Each structure stands twice: as C-alpha cells, then as structure tokens.
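entry.txt (compact mmCIF, C-alpha atoms) appears below.
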```
# COMPACT_ATOMS: atom_id res chain seq x y z
CA TRP A 106 118.68 140.85 124.40
CA PRO A 107 116.70 137.70 125.03
CA PRO A 108 118.68 134.73 126.32
CA MET A 109 120.05 132.35 123.71
CA TYR A 110 119.21 128.71 123.92
CA ILE A 111 121.21 125.97 122.29
CA ARG A 112 119.02 123.22 120.98
CA ARG A 113 120.42 119.83 121.90
CA ILE A 114 120.27 117.27 119.12
CA LEU A 115 120.30 113.59 119.91
CA GLY A 116 122.70 111.40 118.00
CA PRO A 117 126.00 112.18 116.32
CA LYS A 118 126.80 115.67 115.08
CA SER A 119 128.40 114.29 111.91
CA ILE A 120 128.98 110.99 110.13
CA ARG A 121 131.57 109.72 107.70
CA LEU A 122 130.18 108.47 104.37
CA PRO A 123 131.60 105.38 102.64
CA ASP A 124 133.51 107.59 100.21
CA GLY A 125 135.23 109.39 103.10
CA ARG A 126 133.25 112.63 103.05
CA ALA A 127 131.80 114.00 106.28
CA MET A 128 128.06 114.72 106.50
CA THR A 129 126.19 116.85 109.04
CA ARG A 130 122.54 117.79 109.44
CA ALA A 131 123.30 120.98 107.49
CA ASP A 132 123.91 118.78 104.43
CA LEU A 133 120.35 117.43 104.50
CA PRO A 134 117.53 118.83 102.35
CA ALA A 135 115.31 121.55 103.81
CA ALA A 136 112.32 120.38 105.81
CA GLY A 137 109.24 120.11 103.62
CA THR A 138 111.22 119.56 100.40
CA GLN A 139 108.82 118.85 97.54
CA ARG A 140 111.18 118.27 94.60
CA TRP A 141 113.19 115.12 95.23
CA VAL A 142 116.23 114.78 93.01
CA ALA A 143 118.57 111.81 93.39
CA SER A 144 121.17 113.71 95.43
CA ARG A 145 118.58 114.77 98.04
CA LYS A 146 117.21 111.25 98.30
CA ALA A 147 120.75 109.90 98.67
CA ALA A 148 121.51 112.39 101.46
CA VAL A 149 118.48 111.22 103.44
CA VAL A 150 119.29 107.54 102.84
CA HIS A 151 122.92 107.98 103.92
CA ALA A 152 121.87 109.95 107.01
CA VAL A 153 119.38 107.28 108.09
CA ASP A 154 121.68 104.35 107.34
CA ALA A 155 124.61 105.92 109.21
CA GLY A 156 122.51 106.94 112.22
CA LEU A 157 122.67 110.71 111.78
CA ILE A 158 118.86 110.78 111.90
CA THR A 159 116.25 108.14 112.67
CA THR A 160 113.77 106.71 110.21
CA ALA A 161 110.94 108.31 112.18
CA GLU A 162 112.67 111.70 112.08
CA ALA A 163 113.17 111.45 108.31
CA MET A 164 109.52 110.52 107.78
CA THR A 165 108.30 113.41 109.93
CA THR A 166 110.72 116.05 108.60
CA TRP A 167 110.08 115.40 104.91
CA GLY A 168 106.59 113.90 104.99
CA LEU A 169 107.77 110.55 103.65
CA SER A 170 105.95 107.28 104.01
CA GLU A 171 107.80 104.30 105.41
CA GLU A 172 107.35 102.52 102.07
CA GLU A 173 108.85 105.43 100.13
CA LEU A 174 111.90 105.68 102.37
CA ASP A 175 112.34 101.90 102.31
CA SER A 176 112.19 101.90 98.51
CA TRP A 177 114.95 104.54 98.36
CA ARG A 178 117.10 102.55 100.80
CA ASP A 179 116.50 99.34 98.86
CA ALA A 180 117.39 101.01 95.53
CA VAL A 181 120.67 102.30 96.96
CA ALA A 182 121.51 98.95 98.54
CA ARG A 183 120.82 97.01 95.32
CA HIS A 184 121.97 99.37 92.58
CA GLY A 185 123.73 102.38 94.14
CA VAL A 186 122.83 106.05 94.29
CA ALA A 187 122.24 106.25 90.52
CA ALA A 188 119.14 104.10 91.02
CA LEU A 189 117.43 107.01 92.78
CA ARG A 190 116.99 109.00 89.57
CA ALA A 191 113.34 108.83 88.53
CA THR A 192 113.98 107.37 85.07
CA THR A 193 116.49 104.84 86.38
CA LEU A 194 114.17 103.84 89.23
CA GLN A 195 111.45 103.03 86.70
CA ARG A 196 113.90 100.89 84.73
CA TYR A 197 115.01 98.96 87.85
CA ARG A 198 111.40 98.37 88.91
CA LYS A 199 110.72 96.67 85.59
CA CYS A 200 113.71 94.34 86.11
CA THR A 201 112.74 93.10 89.58
```
Rewritten as structure tokens:
Amino acid sequence: WPPMYIRRILGPKSIRLPDGRAMTRADLPAAGTQRWVASRKAAVVHAVDAGLITTAEAMTTWGLSEEELDSWRDAVARHGVAALRATTLQRYRKCT
C-alpha cells in the first residue's frame, strides 16, 4: 500500500459557537457550493468569525468575493442568522 500522509491544518480543529455547539471543518459546506441557503452562509460566517478558517481561505474555497462575505458577516452582526435568508436580506437592505 502507498504510505498515508496526514494533512496538517493550521488553526483550531474545532470551535465553540455562541449557542454552545461545537463546529469543525466537517460542518462547513462543500468546496465549490453553488446554492447558498442561510444555514450554509451562517456556517461560513461563524467559522470565519471564530477563527476556524481565515477570510482568505473562505473566499478561495467557495469562490466568494470579499464584499459578499462582508455583507453576510454584517447581516449576522446586525440582525442575526435569519437575515441571511434571501428574502429577508432584501427586506433588510431596503431598511438601511
């Protein structure tokens, strides 16, 4: 058999979310995700904010622009995870 290599990942292996749940890289959306529902956006935002992954890593992995990721982070900071739903996001944009 060929030798096995363990890929070293920089940063923490898991983080604790504000609600007490643990999150690991396995909880993140698949690389190249095209359909972004609120729960997937929230997972990326929580991972970046808690230091599980870097902003640059998130942008590269999922093909996000800095503006897009910042808008998700801002929506969560201002209005919570519910603001990441597409229809709710449109409503909040009209208010600000």
One-decimal distance in Å that lies between atom CA of A:Gly185 and atom CA of A:Thr165: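 Between these atoms lies a distance of 24.7 Å.
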Find, counting all atoms listed in the file, the residue in A:Ala155, A:Leu174, A:Leu189, A:Ala148 that gets nearest to A:Asp132. A:Ala148
One-decimal distance in Å that lies between atom CA of A:Ala163 and atom CA of A:Ala180: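 Calculated distance between atom CA of A:Ala180 and atom CA of A:Ala163 is 17.0 Å.
You can rank A:Val153, A:Leu169, A:Ala161, A:Ala182 by their closest distance to A:Thr129 using only C-alpha atoms, and at the top of that list sits A:Val153.
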Report the distance between atom CA of A:Glu171 and atom CA of A:Ala127 in Å, rounded to one decimal place.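 Separating atom CA of A:Glu171 from atom CA of A:Ala127 is a distance of 25.9 Å.
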Need the shell around A:Gln139: protein/DNA/RNA residues with any atom at most 12 Å away, counting only C-alpha atoms. Skip same-chain ones fewer than 3 positions apart. Format as a PDB file with C-alpha atoms, in the coordinates of the input?
```
ATOM      1  CA  PRO A 134     117.530 118.830 102.350  1.00  0.00           C
ATOM      2  CA  ALA A 135     115.310 121.550 103.810  1.00  0.00           C
ATOM      3  CA  ALA A 136     112.320 120.380 105.810  1.00  0.00           C
ATOM      4  CA  VAL A 142     116.230 114.780  93.010  1.00  0.00           C
ATOM      5  CA  ARG A 145     118.580 114.770  98.040  1.00  0.00           C
ATOM      6  CA  LYS A 146     117.210 111.250  98.300  1.00  0.00           C
ATOM      7  CA  THR A 166     110.720 116.050 108.600  1.00  0.00           C
ATOM      8  CA  TRP A 167     110.080 115.400 104.910  1.00  0.00           C
ATOM      9  CA  GLY A 168     106.590 113.900 104.990  1.00  0.00           C
ATOM     10  CA  LEU A 169     107.770 110.550 103.650  1.00  0.00           C
TER      11      LEU A 169
END
```
I'd like the contact shell of A:Arg130 - 8 Å cut-off, only C-alpha atoms, skipping same-chain residues fewer than 4 positions apart - returned as a list in words.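 That gives Lys118, Ser119 and Leu157 of chain A.
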Using the file's own x, y and z axes, what box holds all listed atoms of stretch 163-172 of chain A with 4 Å on each side, keeping edges along x, y and z, and what are its centre and edge lengths in Å to one decimal, as JSON?
```
{"center_x": 109.6, "center_y": 109.3, "center_z": 106.0, "size_x": 15.2, "size_y": 21.5, "size_z": 15.9}
```
Pick out the residues sitting within 10 Å of A:His151, and hand them over as an MDAnalysis selection string; count only C-alpha atoms, and ignore anything fewer than 5 positions along from it in its own chain. chainID A and resid 120:123 128 133 145:146 156:158 178 181 186
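Nearest residue to A:Asp175, choosing from A:Ala143, A:Ala191, A:Ala131, A:Val150 and counting only C-alpha atoms: A:Val150.
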Between A:Met164, A:Ala187, A:Ser176, A:Ala152, which is the closest to A:Gly116 once you count all atoms listed in the file? A:Ala152
